[in-house]
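A.B. asks: Have a look at this one before I ask anything.
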Amino acid sequence: MIIREITNYIEKIAPLSFAEDFDNVGLLVGNYNSEVSGVLVTLDTLEETVDEAIANNCNLIVSFHPIIFGGLKKLNGNSYVERVVLKAIKNNIAIYATHTALDNSKVGVSAKMCEVLNLRNNKILIPKKGIIKKLTTYVPFGDADYLRNKLFEAGAGSIGNYDNCSFNVEGKGSYRGNEHSNPTVGKKGELQYEEETCITVTFESYLESKILSTLFKYHQYEEVAYEVITLNNKHQNVGMGMIGELENPMNENEFLEFVKSTFKTDCVRHSKRLGKSIKKVAVLGGAGSFAISNAIREKADAYISADFKYHEFFKAENCILLADVGHYESEQFTKNLLVDYLTKKFTNFAIRLSEKSTNPIHYI
């Protein structure tokens, strides 16, 4: 088993293209072709995490948060980040991070929050833009069905709850090959007119390499005419946060106690109680103040996230209950999600859940 086999499987649910532009995800330390002796899954990678990996013969750490976030200009051990990286390299331990790639997954961080809260009818709170692409190509009329089906098999043409989606226009194409050409249809040096079908399909951006290799493999022309553009459409199954419903409504006090117990926290900071019933709940793991307006727009009764600043509680605007459970607490179940996912695939391989709490915040 090599590292790439493990990470490729993780990227089935959290493609790196899902990550935000500011983020640093993927293999941060190590080589994709290295053999794996064991995997340690953690929320953060600290020195004690590397020590835990060493003690358990795990040479791959799958971490939610990236230990390297900004640029490193020196590696001399003067910061905790540098010490972690140096220790990992010295002990041949690779570090892989998912972070916002998993945040934006429909089965990722927020989905796990919904699961522990037993929310139903869940959907993405902030659908992501810019990760849907469109392919347009031209193929001889008689070959259109074959090529279209091959593109579908590669993952193109899936839109929400539908698959095999395409748009097709019949027309007449023209071309003339020079003396170096080897046309499949027609003769070099002669103008050729061909009845063609223009096929248009959409696909998720992480599939682009696979879609194009399929196009070139199964298109019969020597030179394939095609174009790929990025759409600004929102992807309803990819994005930050989720919103769902409690099976039974709760009053605000019951709800806050439920949240405190569920997220195993000593402190829930919340906005003013409004005397309303809580049924519709929005969630977002980690620092989520940026999504308060989205939760209000979706008519959530409550919004659970973390790292709200003083003035951000005013954004509740007397129409929603904001609950800050803590950054670590909101994301703590993420490592369980990854362990469960990897264990189902690699049944005879050591996938370990880190036993160390990496929460840097303590309460009295």
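Within each chain, counting starts at residue 1; across the structure tokens, chains are named A, B, ... in the order shown, with ligands numbered 1 upward in that order.
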Got a sec: who's within 9 Å of segment 340-345 of chain A, counting only C-alpha atoms, leaving out chain neighbours fewer than 6 positions off, as a PyMOL selection string?
C.D. replies: chain A and resi 6+9-10+351
A.B. asks: Tell me which protein, DNA and RNA residues are within 10 Å of Glu208 of chain A, counting only C-alpha atoms, leaving out same-chain ones fewer than 6 positions away, and put them as a PyMOL selection string.
C.D. replies: chain A and resi 132-135+154-156+214+228
A.B. asks: Using only all heavy atoms, please write the residues we just selected to a file, as a PDB file, in the first residue's frame.
C.D. replies:
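As a result, part.pdb now contains:
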ATOM      1  N   ILE A 132     -17.853  23.851 -11.282  1.00  0.00           N
ATOM      2  CA  ILE A 132     -18.532  23.134 -12.364  1.00  0.00           C
ATOM      3  C   ILE A 132     -17.940  23.614 -13.685  1.00  0.00           C
ATOM      4  O   ILE A 132     -17.823  24.816 -13.926  1.00  0.00           O
ATOM      5  CB  ILE A 132     -20.051  23.384 -12.345  1.00  0.00           C
ATOM      6  CG1 ILE A 132     -20.662  22.912 -11.031  1.00  0.00           C
ATOM      7  CG2 ILE A 132     -20.719  22.671 -13.523  1.00  0.00           C
ATOM      8  CD1 ILE A 132     -22.147  23.224 -10.903  1.00  0.00           C
ATOM      9  N   LYS A 133     -17.549  22.667 -14.531  1.00  0.00           N
ATOM     10  CA  LYS A 133     -16.997  23.015 -15.836  1.00  0.00           C
ATOM     11  C   LYS A 133     -17.879  22.455 -16.948  1.00  0.00           C
ATOM     12  O   LYS A 133     -18.650  21.520 -16.728  1.00  0.00           O
ATOM     13  CB  LYS A 133     -15.566  22.502 -15.972  1.00  0.00           C
ATOM     14  CG  LYS A 133     -14.599  23.188 -15.020  1.00  0.00           C
ATOM     15  CD  LYS A 133     -13.148  22.987 -15.426  1.00  0.00           C
ATOM     16  CE  LYS A 133     -12.231  23.831 -14.560  1.00  0.00           C
ATOM     17  NZ  LYS A 133     -10.830  23.800 -15.055  1.00  0.00           N
ATOM     18  N   LYS A 134     -17.743  23.043 -18.119  1.00  0.00           N
ATOM     19  CA  LYS A 134     -18.539  22.609 -19.266  1.00  0.00           C
ATOM     20  C   LYS A 134     -17.619  22.254 -20.427  1.00  0.00           C
ATOM     21  O   LYS A 134     -16.740  23.033 -20.793  1.00  0.00           O
ATOM     22  CB  LYS A 134     -19.517  23.705 -19.691  1.00  0.00           C
ATOM     23  CG  LYS A 134     -20.403  23.302 -20.868  1.00  0.00           C
ATOM     24  CD  LYS A 134     -21.486  24.334 -21.140  1.00  0.00           C
ATOM     25  CE  LYS A 134     -20.938  25.577 -21.777  1.00  0.00           C
ATOM     26  NZ  LYS A 134     -22.012  26.498 -22.218  1.00  0.00           N
ATOM     27  N   LEU A 135     -17.837  21.072 -20.980  1.00  0.00           N
ATOM     28  CA  LEU A 135     -17.100  20.613 -22.154  1.00  0.00           C
ATOM     29  C   LEU A 135     -18.009  20.670 -23.371  1.00  0.00           C
ATOM     30  O   LEU A 135     -19.155  20.200 -23.329  1.00  0.00           O
ATOM     31  CB  LEU A 135     -16.621  19.168 -21.952  1.00  0.00           C
ATOM     32  CG  LEU A 135     -16.130  18.422 -23.205  1.00  0.00           C
ATOM     33  CD1 LEU A 135     -14.812  19.007 -23.705  1.00  0.00           C
ATOM     34  CD2 LEU A 135     -15.983  16.929 -22.936  1.00  0.00           C
ATOM     35  N   ALA A 154     -17.296   8.395 -17.453  1.00  0.00           N
ATOM     36  CA  ALA A 154     -16.157   9.059 -16.810  1.00  0.00           C
ATOM     37  C   ALA A 154     -16.595  10.057 -15.751  1.00  0.00           C
ATOM     38  O   ALA A 154     -15.757  10.599 -15.028  1.00  0.00           O
ATOM     39  CB  ALA A 154     -15.300   9.750 -17.860  1.00  0.00           C
ATOM     40  N   GLY A 155     -17.906  10.313 -15.669  1.00  0.00           N
ATOM     41  CA  GLY A 155     -18.409  11.204 -14.627  1.00  0.00           C
ATOM     42  C   GLY A 155     -19.036  12.485 -15.121  1.00  0.00           C
ATOM     43  O   GLY A 155     -19.529  13.295 -14.319  1.00  0.00           O
ATOM     44  N   ALA A 156     -19.027  12.707 -16.420  1.00  0.00           N
ATOM     45  CA  ALA A 156     -19.655  13.908 -16.957  1.00  0.00           C
ATOM     46  C   ALA A 156     -21.176  13.760 -16.965  1.00  0.00           C
ATOM     47  O   ALA A 156     -21.711  12.653 -16.938  1.00  0.00           O
ATOM     48  CB  ALA A 156     -19.155  14.181 -18.374  1.00  0.00           C
ATOM     49  N   THR A 214     -10.622  10.714 -21.545  1.00  0.00           N
ATOM     50  CA  THR A 214     -11.681   9.906 -22.156  1.00  0.00           C
ATOM     51  C   THR A 214     -12.063  10.452 -23.520  1.00  0.00           C
ATOM     52  O   THR A 214     -12.237   9.703 -24.492  1.00  0.00           O
ATOM     53  CB  THR A 214     -12.929   9.887 -21.236  1.00  0.00           C
ATOM     54  OG1 THR A 214     -12.582   9.301 -19.984  1.00  0.00           O
ATOM     55  CG2 THR A 214     -14.074   9.103 -21.872  1.00  0.00           C
ATOM     56  N   VAL A 228     -13.278  23.864 -22.989  1.00  0.00           N
ATOM     57  CA  VAL A 228     -13.678  23.683 -21.604  1.00  0.00           C
ATOM     58  C   VAL A 228     -13.740  25.058 -20.943  1.00  0.00           C
ATOM     59  O   VAL A 228     -12.777  25.828 -21.030  1.00  0.00           O
ATOM     60  CB  VAL A 228     -12.678  22.792 -20.829  1.00  0.00           C
ATOM     61  CG1 VAL A 228     -13.058  22.732 -19.350  1.00  0.00           C
ATOM     62  CG2 VAL A 228     -12.645  21.389 -21.411  1.00  0.00           C
TER      63      VAL A 228
END
A.B. asks: Give the answer as one residue: which of A:Ser34, A:Thr98, A:Ser63, A:Thr136 has the shortest atom-to-atom distance to Ala14 of chain A, using only C-alpha atoms?
C.D. replies: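 Of all the options, A:Thr98 lies closest to Ala14 of chain A.
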A.B. asks: Set the distance at 9 Å and use only C-alpha atoms: which residues neighbour segment 36-48 of chain A once local chain neighbours fewer than 6 positions away are removed? I'd like the list as a VMD selection string.
C.D. replies: chain A and resid 1 to 3 6 56 to 67 80 to 81 83 to 85 87 to 88 95 328 331 to 336 338 to 339 349 to 359
A.B. asks: Just the number, please: distance in Å from atom CA of Val29 of chain A to atom CA of Asp307 of chain A, one decimal.
C.D. replies: 28.6 Å
A.B. asks: Which residue, A:Tyr32, A:Phe255, A:Phe203, A:Phe308, has the smallest gap to Arg269 of chain A when you use only C-alpha atoms?
C.D. replies: A:Phe308
A.B. asks: I want to know what sits within 7 Å of segment 167-171 of chain A, based on only C-alpha atoms, with residues of the same chain fewer than 6 positions away left out; could you give that as a PyMOL selection string?
C.D. replies: chain A and resi 195-201
A.B. asks: Those same residues, written as an mmCIF file, in the first residue's frame with C-alpha atoms?
C.D. replies:
data_model
loop_
_atom_site.group_PDB
_atom_site.id
_atom_site.type_symbol
_atom_site.label_atom_id
_atom_site.label_comp_id
_atom_site.auth_asym_id
_atom_site.auth_seq_id
_atom_site.Cartn_x
_atom_site.Cartn_y
_atom_site.Cartn_z
ATOM 1 C CA GLU A 195 -22.442 15.740 -40.536
ATOM 2 C CA GLU A 196 -21.575 16.230 -36.860
ATOM 3 C CA THR A 197 -23.161 16.436 -33.438
ATOM 4 C CA CYS A 198 -22.125 19.158 -31.031
ATOM 5 C CA ILE A 199 -22.121 17.572 -27.556
ATOM 6 C CA THR A 200 -22.126 19.696 -24.397
ATOM 7 C CA VAL A 201 -21.766 18.183 -20.920
#
A.B. asks: Within 10 Å of Gly244 of chain A, counting only C-alpha atoms, which residues show up once you throw out same-chain ones fewer than 6 positions away? Write them as a PyMOL selection string, please.
C.D. replies: chain A and resi 111+114+117-125+279-283+300
A.B. asks: Go ahead and save the picked residues with C-alpha atoms, as a short mmCIF file (atom, residue, chain, number, x, y, z; two decimals), in the first residue's frame.
C.D. replies:
data_model
loop_
_atom_site.label_atom_id
_atom_site.label_comp_id
_atom_site.auth_asym_id
_atom_site.auth_seq_id
_atom_site.Cartn_x
_atom_site.Cartn_y
_atom_site.Cartn_z
CA ALA A 111 -22.58 16.61 7.60
CA CYS A 114 -25.79 17.18 11.43
CA LEU A 117 -27.42 16.41 16.19
CA ASN A 118 -29.81 13.98 14.43
CA LEU A 119 -30.85 16.63 11.90
CA ARG A 120 -33.02 15.65 8.97
CA ASN A 121 -33.63 16.96 5.43
CA ASN A 122 -30.11 18.36 5.30
CA LYS A 123 -28.78 20.54 2.50
CA ILE A 124 -25.71 22.69 1.84
CA LEU A 125 -25.88 26.11 3.49
CA LYS A 279 -36.68 23.46 14.65
CA LYS A 280 -34.49 24.50 11.71
CA VAL A 281 -30.77 24.44 12.54
CA ALA A 282 -27.73 25.56 10.51
CA VAL A 283 -24.22 24.30 11.32
CA ALA A 300 -32.75 28.91 10.41
#
A.B. asks: How would you write, as a ChimeraX atom specification, the set of residues in segment 146-265 of chain A that DSSP gives as strand (DSSP E or B)?
C.D. replies: /A:159,162,167-175,192-204,226-231,234-250
A.B. asks: Find, counting only C-alpha atoms, the residue in A:Leu27, A:Ala306, A:Met240, A:Val268 that gets nearest to Ile68 of chain A.
C.D. replies: A:Leu27
A.B. asks: Taking only C-alpha atoms into account, which of A:His235, A:Arg4, A:Lys188, A:Lys276 comes nearest Lys128 of chain A?
C.D. replies: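 When distances to Lys128 of chain A are compared using only C-alpha atoms, the smallest one comes from A:His235.
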A.B. asks: Go through A:Val224, A:Ile159, A:Ile278, A:Leu207 and flag the residue nearest Asn248 of chain A, using only C-alpha atoms for the distances.
C.D. replies: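 Of A:Val224, A:Ile159, A:Ile278, A:Leu207, the one nearest Asn248 of chain A is A:Ile278, counting only C-alpha atoms.
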A.B. asks: Near Leu284 of chain A, counting only C-alpha atoms, which residues have an atom at most 9 Å away, once you skip same-chain residues fewer than 6 positions from it, shown as JSON, numbers by chain?
C.D. replies: {"A": [103, 109, 110, 111, 113, 125, 240, 241, 242, 243, 291, 303, 304, 305, 306, 330, 331]}
A.B. asks: Please produce an output containing N, CA and C atoms for each residue in the selection, written as a compact mmCIF listing (two decimals), in the first residue's frame.
C.D. replies:
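That gives us part-v6.txt:
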# COMPACT_ATOMS: atom_id res chain seq x y z
N ASP A 103 -14.37 20.34 4.42
CA ASP A 103 -15.42 21.29 4.83
C ASP A 103 -16.48 21.43 3.75
N VAL A 109 -17.40 17.71 7.24
CA VAL A 109 -17.46 18.22 8.61
C VAL A 109 -18.86 18.60 9.03
N SER A 110 -19.53 19.40 8.23
CA SER A 110 -20.87 19.86 8.59
C SER A 110 -21.88 18.71 8.57
N ALA A 111 -21.69 17.78 7.65
CA ALA A 111 -22.58 16.61 7.60
C ALA A 111 -22.45 15.79 8.88
N MET A 113 -21.62 17.01 11.82
CA MET A 113 -22.31 17.79 12.84
C MET A 113 -23.82 17.52 12.79
N LEU A 125 -25.52 24.75 3.10
CA LEU A 125 -25.88 26.11 3.49
C LEU A 125 -25.39 27.14 2.48
N MET A 240 -19.93 25.14 1.91
CA MET A 240 -19.73 25.30 3.35
C MET A 240 -21.04 25.21 4.12
N GLY A 241 -20.98 24.53 5.27
CA GLY A 241 -22.11 24.49 6.18
C GLY A 241 -23.26 23.64 5.68
N MET A 242 -24.17 23.32 6.58
CA MET A 242 -25.40 22.60 6.21
C MET A 242 -26.54 23.14 7.06
N ILE A 243 -27.73 22.86 6.61
CA ILE A 243 -28.93 23.24 7.35
C ILE A 243 -29.91 22.09 7.30
N ALA A 291 -20.96 33.05 7.88
CA ALA A 291 -22.18 32.43 7.35
C ALA A 291 -23.43 32.79 8.15
N TYR A 303 -28.11 28.76 14.74
CA TYR A 303 -26.90 28.52 13.96
C TYR A 303 -25.77 28.15 14.91
N ILE A 304 -25.19 26.95 14.70
CA ILE A 304 -24.11 26.44 15.55
C ILE A 304 -22.80 26.51 14.79
N SER A 305 -21.82 27.21 15.37
CA SER A 305 -20.49 27.28 14.76
C SER A 305 -19.51 27.67 15.85
N ALA A 306 -18.47 28.44 15.48
CA ALA A 306 -17.44 28.77 16.47
C ALA A 306 -16.73 30.07 16.13
N SER A 330 -16.51 21.99 17.63
CA SER A 330 -17.36 21.90 16.44
C SER A 330 -16.81 20.91 15.41
N GLU A 331 -15.48 20.70 15.43
CA GLU A 331 -14.85 19.83 14.43
C GLU A 331 -14.37 18.50 15.00
A.B. asks: Report as a VMD selection string: the residues of segment 215-323 of chain A with a DSSP assignment of alpha helix (DSSP H), based on the backbone of this structure.
C.D. replies: chain A and resid 215 to 218 252 to 262 292 to 297
